[in-house]
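Asks: Hey, dropping start09.cif in here, mmCIF, C-alpha atoms and all ligand atoms:
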```
data_entry
loop_
_atom_site.group_PDB
_atom_site.id
_atom_site.type_symbol
_atom_site.label_atom_id
_atom_site.label_comp_id
_atom_site.auth_asym_id
_atom_site.auth_seq_id
_atom_site.Cartn_x
_atom_site.Cartn_y
_atom_site.Cartn_z
ATOM 1 C CA MET E 1 127.149 158.777 21.955
ATOM 2 C CA VAL E 2 130.189 160.995 22.501
ATOM 3 C CA ILE E 3 129.576 164.431 23.977
ATOM 4 C CA ALA E 4 132.540 166.652 23.108
ATOM 5 C CA ILE E 5 133.216 169.593 25.403
ATOM 6 C CA ASP E 6 136.031 171.914 24.349
ATOM 7 C CA GLY E 7 137.274 175.302 25.476
ATOM 8 C CA PRO E 8 140.168 177.098 27.150
ATOM 9 C CA GLY E 9 141.243 176.705 30.795
ATOM 10 C CA GLY E 10 139.067 178.082 33.568
ATOM 11 C CA VAL E 11 135.746 177.997 31.681
ATOM 12 C CA GLY E 12 134.388 175.216 33.888
ATOM 13 C CA LYS E 13 134.839 172.303 31.455
ATOM 14 C CA SER E 14 135.638 169.705 34.116
ATOM 15 C CA THR E 15 132.854 170.623 36.531
ATOM 16 C CA VAL E 16 130.275 170.750 33.762
ATOM 17 C CA SER E 17 131.526 167.602 31.987
ATOM 18 C CA ARG E 18 131.435 165.510 35.164
ATOM 19 C CA ALA E 19 127.908 166.675 35.977
ATOM 20 C CA VAL E 20 126.705 165.876 32.448
ATOM 21 C CA ALA E 21 128.346 162.437 32.636
ATOM 22 C CA ASP E 22 126.703 161.752 36.020
ATOM 23 C CA ALA E 23 123.276 162.847 34.762
ATOM 24 C CA LEU E 24 123.464 160.554 31.726
ATOM 25 C CA GLY E 25 125.324 157.658 33.358
ATOM 26 C CA PHE E 26 128.173 158.181 30.884
ATOM 27 C CA ALA E 27 131.889 157.721 31.448
ATOM 28 C CA TYR E 28 133.975 160.899 31.743
ATOM 29 C CA LEU E 29 137.347 161.477 30.095
ATOM 30 C CA ASP E 30 139.619 164.403 30.907
ATOM 31 C CA THR E 31 141.977 164.472 27.899
ATOM 32 C CA GLY E 32 144.159 167.267 29.318
ATOM 33 C CA SER E 33 145.316 164.835 32.009
ATOM 34 C CA TYR E 34 146.933 162.681 29.298
ATOM 35 C CA TYR E 35 149.090 165.578 28.110
ATOM 36 C CA ARG E 36 149.803 166.445 31.720
ATOM 37 C CA ALA E 37 150.875 162.853 32.502
ATOM 38 C CA VAL E 38 153.280 162.809 29.544
ATOM 39 C CA THR E 39 154.616 166.173 30.737
ATOM 40 C CA LEU E 40 155.093 164.810 34.267
ATOM 41 C CA ALA E 41 157.024 161.846 32.864
ATOM 42 C CA THR E 42 159.317 164.174 30.852
ATOM 43 C CA LEU E 43 159.950 166.387 33.896
ATOM 44 C CA GLU E 44 160.789 163.327 36.005
ATOM 45 C CA ALA E 45 163.197 162.155 33.297
ATOM 46 C CA GLY E 46 164.777 165.622 33.017
ATOM 47 C CA VAL E 47 163.846 165.877 29.325
ATOM 48 C CA ALA E 48 163.019 169.298 27.823
ATOM 49 C CA ALA E 49 160.124 169.914 25.397
ATOM 50 C CA ASP E 50 162.502 170.631 22.496
ATOM 51 C CA GLU E 51 164.171 167.207 22.793
ATOM 52 C CA ILE E 52 161.509 165.733 20.525
ATOM 53 C CA PRO E 53 162.867 162.173 20.051
ATOM 54 C CA ALA E 54 163.324 161.777 23.819
ATOM 55 C CA VAL E 55 159.832 163.183 24.534
ATOM 56 C CA LEU E 56 158.354 160.825 21.958
ATOM 57 C CA GLU E 57 160.134 157.869 23.508
ATOM 58 C CA ILE E 58 158.707 158.763 26.906
ATOM 59 C CA ALA E 59 155.192 159.212 25.493
ATOM 60 C CA ARG E 60 155.404 155.900 23.657
ATOM 61 C CA ALA E 61 156.550 154.001 26.745
ATOM 62 C CA ALA E 62 153.986 155.643 29.056
ATOM 63 C CA ASP E 63 151.079 153.480 30.143
ATOM 64 C CA LEU E 64 148.263 156.049 30.313
ATOM 65 C CA ASP E 65 144.793 155.399 31.674
ATOM 66 C CA PHE E 66 141.925 157.362 33.159
ATOM 67 C CA ILE E 67 139.838 155.492 35.700
ATOM 68 C CA GLY E 68 136.794 157.087 37.366
ATOM 69 C CA ARG E 69 138.058 160.606 37.938
ATOM 70 C CA SER E 70 141.746 159.735 38.250
ATOM 71 C CA MET E 71 144.731 159.782 35.898
ATOM 72 C CA PHE E 72 147.112 156.831 35.981
ATOM 73 C CA LEU E 73 150.683 156.846 34.655
ATOM 74 C CA ASN E 74 152.399 153.462 34.558
ATOM 75 C CA GLY E 75 149.872 152.111 37.056
ATOM 76 C CA GLU E 76 150.324 154.963 39.534
ATOM 77 C CA ASN E 77 147.566 157.437 40.402
ATOM 78 C CA VAL E 78 149.085 160.789 39.388
ATOM 79 C CA SER E 79 145.932 162.909 39.663
ATOM 80 C CA ASP E 80 147.633 165.290 42.114
ATOM 81 C CA GLY E 81 151.052 165.066 40.474
ATOM 82 C CA VAL E 82 149.730 166.261 37.109
ATOM 83 C CA ARG E 83 148.213 169.400 38.681
ATOM 84 C CA THR E 84 151.388 170.963 40.100
ATOM 85 C CA PRO E 85 152.398 174.456 38.865
ATOM 86 C CA GLU E 86 155.514 172.872 37.271
ATOM 87 C CA VAL E 87 153.428 170.542 35.096
ATOM 88 C CA THR E 88 150.914 173.284 34.294
ATOM 89 C CA ALA E 89 153.736 175.573 33.161
ATOM 90 C CA ALA E 90 155.327 172.892 30.974
ATOM 91 C CA VAL E 91 152.297 171.163 29.430
ATOM 92 C CA SER E 92 151.451 173.480 26.519
ATOM 93 C CA PRO E 93 154.773 173.043 24.624
ATOM 94 C CA ILE E 94 154.611 169.261 25.135
ATOM 95 C CA SER E 95 151.012 169.108 23.892
ATOM 96 C CA ALA E 96 152.004 171.096 20.788
ATOM 97 C CA ILE E 97 154.272 168.252 19.541
ATOM 98 C CA LYS E 98 152.497 166.514 16.686
ATOM 99 C CA VAL E 99 153.852 163.003 17.256
ATOM 100 C CA VAL E 100 152.881 163.185 20.916
ATOM 101 C CA ARG E 101 149.347 164.209 19.945
ATOM 102 C CA VAL E 102 148.988 161.337 17.478
ATOM 103 C CA LEU E 103 149.923 158.851 20.201
ATOM 104 C CA VAL E 104 147.737 160.427 22.853
ATOM 105 C CA VAL E 105 144.689 160.797 20.576
ATOM 106 C CA ASP E 106 144.959 157.102 19.651
ATOM 107 C CA ARG E 107 144.776 156.151 23.300
ATOM 108 C CA GLN E 108 141.856 158.478 23.956
ATOM 109 C CA ARG E 109 139.858 156.959 21.088
ATOM 110 C CA GLU E 110 140.680 153.494 22.351
ATOM 111 C CA TRP E 111 139.505 154.540 25.863
ATOM 112 C CA VAL E 112 136.131 155.721 24.528
ATOM 113 C CA HIS E 113 135.787 152.525 22.512
ATOM 114 C CA ARG E 114 136.428 150.521 25.714
ATOM 115 C CA HIS E 115 133.607 152.502 27.366
ATOM 116 C CA ASP E 116 131.110 151.547 24.646
ATOM 117 C CA GLY E 117 131.296 154.991 23.062
ATOM 118 C CA ARG E 118 129.138 156.480 25.817
ATOM 119 C CA ALA E 119 131.326 159.244 27.158
ATOM 120 C CA VAL E 120 131.610 162.912 27.926
ATOM 121 C CA VAL E 121 135.044 163.913 26.650
ATOM 122 C CA GLU E 122 136.551 167.273 27.557
ATOM 123 C CA GLY E 123 139.564 168.937 25.989
ATOM 124 C CA ARG E 124 140.708 171.347 23.298
ATOM 125 C CA ASP E 125 140.372 169.336 20.068
ATOM 126 C CA ILE E 126 137.640 166.808 20.784
ATOM 127 C CA GLY E 127 135.034 168.206 18.392
ATOM 128 C CA THR E 128 137.584 169.091 15.703
ATOM 129 C CA VAL E 129 140.024 166.150 15.710
ATOM 130 C CA VAL E 130 139.452 163.375 18.237
ATOM 131 C CA PHE E 131 135.711 162.848 17.640
ATOM 132 C CA PRO E 132 134.679 165.030 14.689
ATOM 133 C CA GLU E 133 131.554 162.869 14.300
ATOM 134 C CA ALA E 134 130.340 163.484 17.878
ATOM 135 C CA PRO E 135 126.590 164.230 17.757
ATOM 136 C CA VAL E 136 126.896 166.790 20.552
ATOM 137 C CA LYS E 137 129.723 169.339 20.431
ATOM 138 C CA VAL E 138 130.006 172.239 22.799
ATOM 139 C CA PHE E 139 132.586 175.016 22.933
ATOM 140 C CA LEU E 140 132.642 176.826 26.276
ATOM 141 C CA THR E 141 133.970 180.357 26.708
ATOM 142 C CA ALA E 142 133.996 182.944 29.500
ATOM 143 C CA ASP E 143 135.484 186.389 30.110
ATOM 144 C CA PRO E 144 139.196 186.157 31.043
ATOM 145 C CA ALA E 145 138.679 187.741 34.470
ATOM 146 C CA VAL E 146 135.928 185.250 35.306
ATOM 147 C CA ARG E 147 138.092 182.344 34.152
ATOM 148 C CA ALA E 148 140.974 183.489 36.372
ATOM 149 C CA THR E 149 138.662 183.836 39.371
ATOM 150 C CA ARG E 150 137.186 180.360 38.801
ATOM 151 C CA ARG E 151 140.654 178.851 38.419
ATOM 152 C CA SER E 152 141.749 180.543 41.673
ATOM 153 C CA LEU E 153 139.246 178.312 43.506
ATOM 154 C CA ASP E 154 140.970 175.137 42.208
ATOM 155 C CA ALA E 155 143.415 173.380 44.530
ATOM 156 C CA GLU E 156 146.137 173.622 41.883
ATOM 157 C CA ALA E 157 146.030 177.428 42.048
ATOM 158 C CA ALA E 158 146.327 177.638 45.840
ATOM 159 C CA GLY E 159 148.541 180.520 46.884
ATOM 160 C CA MET E 160 148.579 182.191 43.462
ATOM 161 C CA ALA E 161 147.267 185.735 42.977
ATOM 162 C CA VAL E 162 144.355 186.087 40.540
ATOM 163 C CA THR E 163 146.451 188.399 38.315
ATOM 164 C CA GLU E 164 149.193 185.752 38.145
ATOM 165 C CA ILE E 165 146.619 183.072 37.234
ATOM 166 C CA ALA E 166 145.177 185.355 34.528
ATOM 167 C CA ARG E 167 148.656 185.817 33.011
ATOM 168 C CA ALA E 168 149.332 182.053 33.077
ATOM 169 C CA LEU E 169 145.954 181.311 31.428
ATOM 170 C CA GLU E 170 146.660 183.903 28.751
ATOM 171 C CA ARG E 171 150.093 182.375 28.047
ATOM 172 C CA ARG E 172 148.576 178.890 27.677
ATOM 173 C CA ASP E 173 145.718 180.187 25.489
ATOM 174 C CA GLN E 174 148.268 181.827 23.221
ATOM 175 C CA ILE E 175 150.258 178.584 22.758
ATOM 176 C CA ASP E 176 147.176 176.337 22.558
ATOM 177 C CA SER E 177 145.353 178.533 20.007
ATOM 178 C CA THR E 178 148.260 179.278 17.696
ATOM 179 C CA ARG E 179 149.981 175.879 17.491
ATOM 180 C CA ASP E 180 150.080 174.242 14.041
ATOM 181 C CA VAL E 181 148.588 170.922 15.133
ATOM 182 C CA SER E 182 145.014 170.752 16.449
ATOM 183 C CA PRO E 183 144.848 174.330 17.723
ATOM 184 C CA LEU E 184 142.183 175.327 20.213
ATOM 185 C CA VAL E 185 139.317 176.383 17.931
ATOM 186 C CA ALA E 186 135.603 175.695 17.980
ATOM 187 C CA ALA E 187 134.408 173.103 15.467
ATOM 188 C CA ASP E 188 132.179 174.666 12.784
ATOM 189 C CA ASP E 189 129.233 172.655 14.085
ATOM 190 C CA ALA E 190 129.902 173.183 17.811
ATOM 191 C CA VAL E 191 127.366 175.022 19.946
ATOM 192 C CA GLY E 192 129.132 177.933 21.638
ATOM 193 C CA ILE E 193 128.123 178.655 25.233
ATOM 194 C CA ASP E 194 129.410 181.792 26.956
ATOM 195 C CA THR E 195 129.392 180.741 30.608
ATOM 196 C CA THR E 196 130.368 184.152 32.021
ATOM 197 C CA HIS E 197 126.945 184.811 33.540
ATOM 198 C CA LEU E 198 125.671 181.220 33.799
ATOM 199 C CA THR E 199 125.675 178.856 36.779
ATOM 200 C CA VAL E 200 127.042 175.322 36.453
ATOM 201 C CA ASP E 201 123.474 173.958 36.581
ATOM 202 C CA GLU E 202 122.396 176.234 33.737
ATOM 203 C CA VAL E 203 125.278 175.138 31.510
ATOM 204 C CA VAL E 204 124.650 171.481 32.363
ATOM 205 C CA SER E 205 120.970 171.755 31.509
ATOM 206 C CA ILE E 206 121.758 173.345 28.115
ATOM 207 C CA ILE E 207 124.088 170.437 27.304
ATOM 208 C CA LEU E 208 121.531 167.862 28.507
ATOM 209 C CA SER E 209 118.959 169.485 26.205
ATOM 210 C CA LEU E 210 121.394 169.172 23.293
ATOM 211 C CA ALA E 211 121.964 165.502 24.199
ATOM 212 C CA ALA E 212 118.187 164.917 24.311
ATOM 213 C CA LEU E 213 117.811 166.567 20.892
ATOM 214 C CA ALA E 214 120.508 164.215 19.617
ATOM 215 C CA GLY E 215 118.526 161.255 20.963
ATOM 216 C CA GLU E 216 120.049 160.603 24.399
ATOM 217 C CA HIS E 217 117.738 160.611 27.438
HETATM 218 O O1 LIG J 301 142.584 171.039 30.323
HETATM 219 P P1 LIG J 301 143.970 171.104 30.932
HETATM 220 O O2 LIG J 301 144.298 172.443 31.530
HETATM 221 O O3 LIG J 301 144.225 170.014 31.914
HETATM 222 O O4 LIG J 301 144.947 170.879 29.694
HETATM 223 C C1 LIG J 301 146.334 170.908 29.856
HETATM 224 C C2 LIG J 301 147.004 171.249 28.532
HETATM 225 O O5 LIG J 301 146.869 170.172 27.641
HETATM 226 C C3 LIG J 301 146.479 172.488 27.834
HETATM 227 O O6 LIG J 301 147.357 173.572 28.013
HETATM 228 C C4 LIG J 301 146.417 172.115 26.386
HETATM 229 C C5 LIG J 301 146.593 170.635 26.347
HETATM 230 N N1 LIG J 301 145.432 169.919 25.816
HETATM 231 C C6 LIG J 301 145.375 169.711 24.473
HETATM 232 O O7 LIG J 301 146.243 170.191 23.751
HETATM 233 N N2 LIG J 301 144.383 168.974 23.934
HETATM 234 C C7 LIG J 301 143.422 168.460 24.711
HETATM 235 N N3 LIG J 301 142.455 167.723 24.150
HETATM 236 C C8 LIG J 301 143.436 168.684 26.101
HETATM 237 C C9 LIG J 301 144.452 169.444 26.638
#
```
Show me the file's structure as structure tokens.

Replies:
Amino acid sequence: MVIAIDGPGGVGKSTVSRAVADALGFAYLDTGSYYRAVTLATLEAGVAADEIPAVLEIARAADLDFIGRSMFLNGENVSDGVRTPEVTAAVSPISAIKVVRVLVVDRQREWVHRHDGRAVVEGRDIGTVVFPEAPVKVFLTADPAVRATRRSLDAEAAGMAVTEIARALERRDQIDSTRDVSPLVAADDAVGIDTTHLTVDEVVSIILSLAALAGEH
């Protein structure tokens, strides 16, 4: 069973998704890391997001894998490298390129297949595009100020003011929600959870209840 967890940055997707995966003994896939790894490869090659053929070439040649909780690019663990402010600032335009998405989504489906289809998959388009048949679909939201505060506790935001983080999140939301291909929207059949006033444990237990209702114990 695939459990699809979508939502914007800073809502707690990763923390919640990992805890749900641990509780069920499922694999965990962070799909944003794939777009981040492609972005890292383009930055290293000095290729800009509007050089579409060159970006596509890089995405096609990239060996992408997610093992445990780590992202690998061409065999190298890039989990820290994909979380730098440079990658975070550049990832939304790269992830808006349709041909890049087609390639990346293919690899994500193949990854889930390799893990016997028992996975918690977090991202922006999991319930709408990558696994529209997922029996459990959740769309997490939270007030912008709460999201910025949560993000400020992440290592990647070290040294940034909360107001700066809030602006960066808003910029990414704007690009991610308005792009033509696979925009950030809740699937019609997703269960929306506003996490503003909920603890991680409370959100996890709601999702575990949904999984139990769908037949997973
Ligand atoms: O979840 P994240 O912050 O690591 O995601 C990084 C970017 O990747 C985000 O700005 C949008 C994009 N993304 C996407 O378009 N589709 C996904 N399934 C996951 C992430």

Asks: Pick out the residues no farther than 9 Å from ligand LIG 301 (chain J), counting all atoms listed in the file, and list them as a compact mmCIF listing (two decimals) with C-alpha atoms, in the frame of the given file.

Replies:
```
# COMPACT_ATOMS: atom_id res chain seq x y z
CA ASP E 6 136.03 171.91 24.35
CA GLY E 7 137.27 175.30 25.48
CA PRO E 8 140.17 177.10 27.15
CA GLY E 9 141.24 176.70 30.80
CA GLY E 10 139.07 178.08 33.57
CA LYS E 13 134.84 172.30 31.46
CA SER E 14 135.64 169.70 34.12
CA ASP E 30 139.62 164.40 30.91
CA THR E 31 141.98 164.47 27.90
CA GLY E 32 144.16 167.27 29.32
CA SER E 33 145.32 164.84 32.01
CA TYR E 34 146.93 162.68 29.30
CA TYR E 35 149.09 165.58 28.11
CA ARG E 36 149.80 166.44 31.72
CA VAL E 82 149.73 166.26 37.11
CA ARG E 83 148.21 169.40 38.68
CA VAL E 87 153.43 170.54 35.10
CA THR E 88 150.91 173.28 34.29
CA ALA E 89 153.74 175.57 33.16
CA ALA E 90 155.33 172.89 30.97
CA VAL E 91 152.30 171.16 29.43
CA SER E 92 151.45 173.48 26.52
CA PRO E 93 154.77 173.04 24.62
CA ILE E 94 154.61 169.26 25.14
CA SER E 95 151.01 169.11 23.89
CA ALA E 96 152.00 171.10 20.79
CA ARG E 101 149.35 164.21 19.94
CA VAL E 105 144.69 160.80 20.58
CA VAL E 121 135.04 163.91 26.65
CA GLU E 122 136.55 167.27 27.56
CA GLY E 123 139.56 168.94 25.99
CA ARG E 124 140.71 171.35 23.30
CA ASP E 125 140.37 169.34 20.07
CA ILE E 126 137.64 166.81 20.78
CA VAL E 129 140.02 166.15 15.71
CA VAL E 130 139.45 163.38 18.24
CA LEU E 169 145.95 181.31 31.43
CA ARG E 172 148.58 178.89 27.68
CA ASP E 173 145.72 180.19 25.49
CA ILE E 175 150.26 178.58 22.76
CA ASP E 176 147.18 176.34 22.56
CA VAL E 181 148.59 170.92 15.13
CA SER E 182 145.01 170.75 16.45
CA PRO E 183 144.85 174.33 17.72
CA LEU E 184 142.18 175.33 20.21
```

Asks: List the residues selected by the PyMOL selection byres (((chain E and resi 16) around 10) and not hetatm) in the file shown, writing them as a PyMOL selection string.

Replies: chain E and resi 5+11-15+17-22+120+122+140+199-205+207

Asks: Considering only C-alpha atoms, state which residue in the set E:Met71, E:Pro85, E:Asp106, E:Ala59 is at the smallest distance from E:Met160.

Replies: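 That would be E:Pro85, the residue with the smallest distance to E:Met160.
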
Asks: Rounded to one decimal in Å, what is the spacing between atom CA of E:Ala119 and atom CA of E:Asp189?

Replies: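 Between atom CA of E:Ala119 and atom CA of E:Asp189 the gap is 18.8 Å.
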
Asks: Using Å and a single decimal, report how far atom CA of E:Val138 sits from atom CA of E:Val104.

Replies: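 Between atom CA of E:Val104 and atom CA of E:Val138 the gap is 21.3 Å.
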
Asks: Could you work out how far atom CA of E:Thr195 lies from atom CA of E:Leu153, giving the answer in Å with one decimal?

Replies: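 Atom CA of E:Leu153 sits 16.4 Å away from atom CA of E:Thr195.
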
Asks: Applying 10 Å and only C-alpha atoms, which residues near E:Arg118 remain after dropping the ones on its own chain fewer than 2 positions away? List them as number ranges by chain.

Replies: E: 1-3, 21, 24-28, 112-116, 120-121

Asks: Using all atoms listed in the file, what residues lie at most 8 Å away from (129.7, 172.7, 17.8) (file coordinates), given as JSON, numbers by chain?

Replies: {"E": [127, 136, 137, 138, 139, 186, 187, 188, 189, 190, 191, 192]}

Asks: Could you check which of E:Ala148, E:Ile206, E:Leu213, E:Ala41 is closest to E:Ala61, using all atoms listed in the file?

Replies: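 Comparing E:Ala148, E:Ile206, E:Leu213, E:Ala41 against E:Ala61, the winner is E:Ala41.
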
Asks: Restricting the calculation to only C-alpha atoms, which member of E:Ala142, E:Ala214, E:Ala161, E:Leu208 is positioned closest to E:Ala23?

Replies: E:Leu208

Asks: Select, from E:Val146, E:Leu29, E:Leu103, E:Ala168, the residue with the minimum atom-to-atom distance to E:Val55, counting all atoms listed in the file.

Replies: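 Among the listed residues, E:Leu103 lies closest to E:Val55.
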
Asks: Quick one: everything within 10 Å of E:Asp80, counting all atoms listed in the file, minus sequence neighbours fewer than 6 positions away in the same chain. Send it as a ChimeraX atom specification.

Replies: /E:70-71,155-156

Asks: Using only C-alpha atoms, which of E:Ala145, E:Ala212, E:Val162, E:Ala37 sits nearest E:Gly81?

Replies: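 Smallest distance to E:Gly81 is found for E:Ala37.
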
Asks: Assuming the input is short of atoms at stretch 39-49 of chain E, produce all heavy atoms for that part as a CSV table (one decimal), in the frame of the given file.

Replies:
```csv
chain,number,residue,atom,x,y,z
E,39,THR,N,153.8,165.1,30.3
E,39,THR,CA,154.6,166.2,30.7
E,39,THR,C,155.3,165.8,32.1
E,39,THR,O,156.5,166.0,32.2
E,39,THR,CB,153.8,167.5,30.9
E,39,THR,OG1,153.1,167.7,29.7
E,39,THR,CG2,154.6,168.6,31.3
E,40,LEU,N,154.5,165.2,33.0
E,40,LEU,CA,155.1,164.8,34.3
E,40,LEU,C,156.2,163.8,34.0
E,40,LEU,O,157.3,163.9,34.6
E,40,LEU,CB,154.0,164.2,35.1
E,40,LEU,CG,154.4,163.6,36.5
E,40,LEU,CD1,155.0,164.7,37.4
E,40,LEU,CD2,153.2,162.9,37.2
E,41,ALA,N,156.0,162.9,33.1
E,41,ALA,CA,157.0,161.8,32.9
E,41,ALA,C,158.3,162.5,32.3
E,41,ALA,O,159.4,162.1,32.6
E,41,ALA,CB,156.5,160.8,31.9
E,42,THR,N,158.1,163.5,31.4
E,42,THR,CA,159.3,164.2,30.9
E,42,THR,C,160.1,165.0,31.9
E,42,THR,O,161.3,165.0,32.0
E,42,THR,CB,159.0,165.1,29.7
E,42,THR,OG1,158.1,166.2,30.2
E,42,THR,CG2,158.3,164.4,28.5
E,43,LEU,N,159.3,165.6,32.8
E,43,LEU,CA,160.0,166.4,33.9
E,43,LEU,C,160.7,165.4,34.8
E,43,LEU,O,161.9,165.7,35.2
E,43,LEU,CB,158.9,167.2,34.7
E,43,LEU,CG,158.2,168.4,34.0
E,43,LEU,CD1,157.1,169.0,34.9
E,43,LEU,CD2,159.2,169.4,33.6
E,44,GLU,N,160.1,164.3,35.1
E,44,GLU,CA,160.8,163.3,36.0
E,44,GLU,C,162.1,162.8,35.4
E,44,GLU,O,163.0,162.5,36.0
E,44,GLU,CB,159.8,162.2,36.4
E,44,GLU,CG,158.8,162.6,37.4
E,44,GLU,CD,157.8,161.5,37.7
E,44,GLU,OE1,157.7,160.5,36.9
E,44,GLU,OE2,157.0,161.7,38.7
E,45,ALA,N,162.0,162.7,34.0
E,45,ALA,CA,163.2,162.2,33.3
E,45,ALA,C,164.2,163.3,33.0
E,45,ALA,O,165.3,163.0,32.4
E,45,ALA,CB,162.7,161.5,32.0
E,46,GLY,N,163.9,164.5,33.3
E,46,GLY,CA,164.8,165.6,33.0
E,46,GLY,C,164.9,165.9,31.5
E,46,GLY,O,165.9,166.4,31.1
E,47,VAL,N,163.8,165.7,30.8
E,47,VAL,CA,163.8,165.9,29.3
E,47,VAL,C,163.1,167.2,29.0
E,47,VAL,O,162.0,167.4,29.5
E,47,VAL,CB,163.2,164.7,28.6
E,47,VAL,CG1,162.9,165.0,27.2
E,47,VAL,CG2,164.1,163.4,28.7
E,48,ALA,N,163.7,168.0,28.2
E,48,ALA,CA,163.0,169.3,27.8
E,48,ALA,C,162.1,169.1,26.6
E,48,ALA,O,162.3,168.2,25.8
E,48,ALA,CB,164.1,170.4,27.5
E,49,ALA,N,161.1,170.0,26.5
E,49,ALA,CA,160.1,169.9,25.4
E,49,ALA,C,160.7,169.9,24.0
E,49,ALA,O,160.2,169.4,23.1
E,49,ALA,CB,159.1,171.0,25.5
```
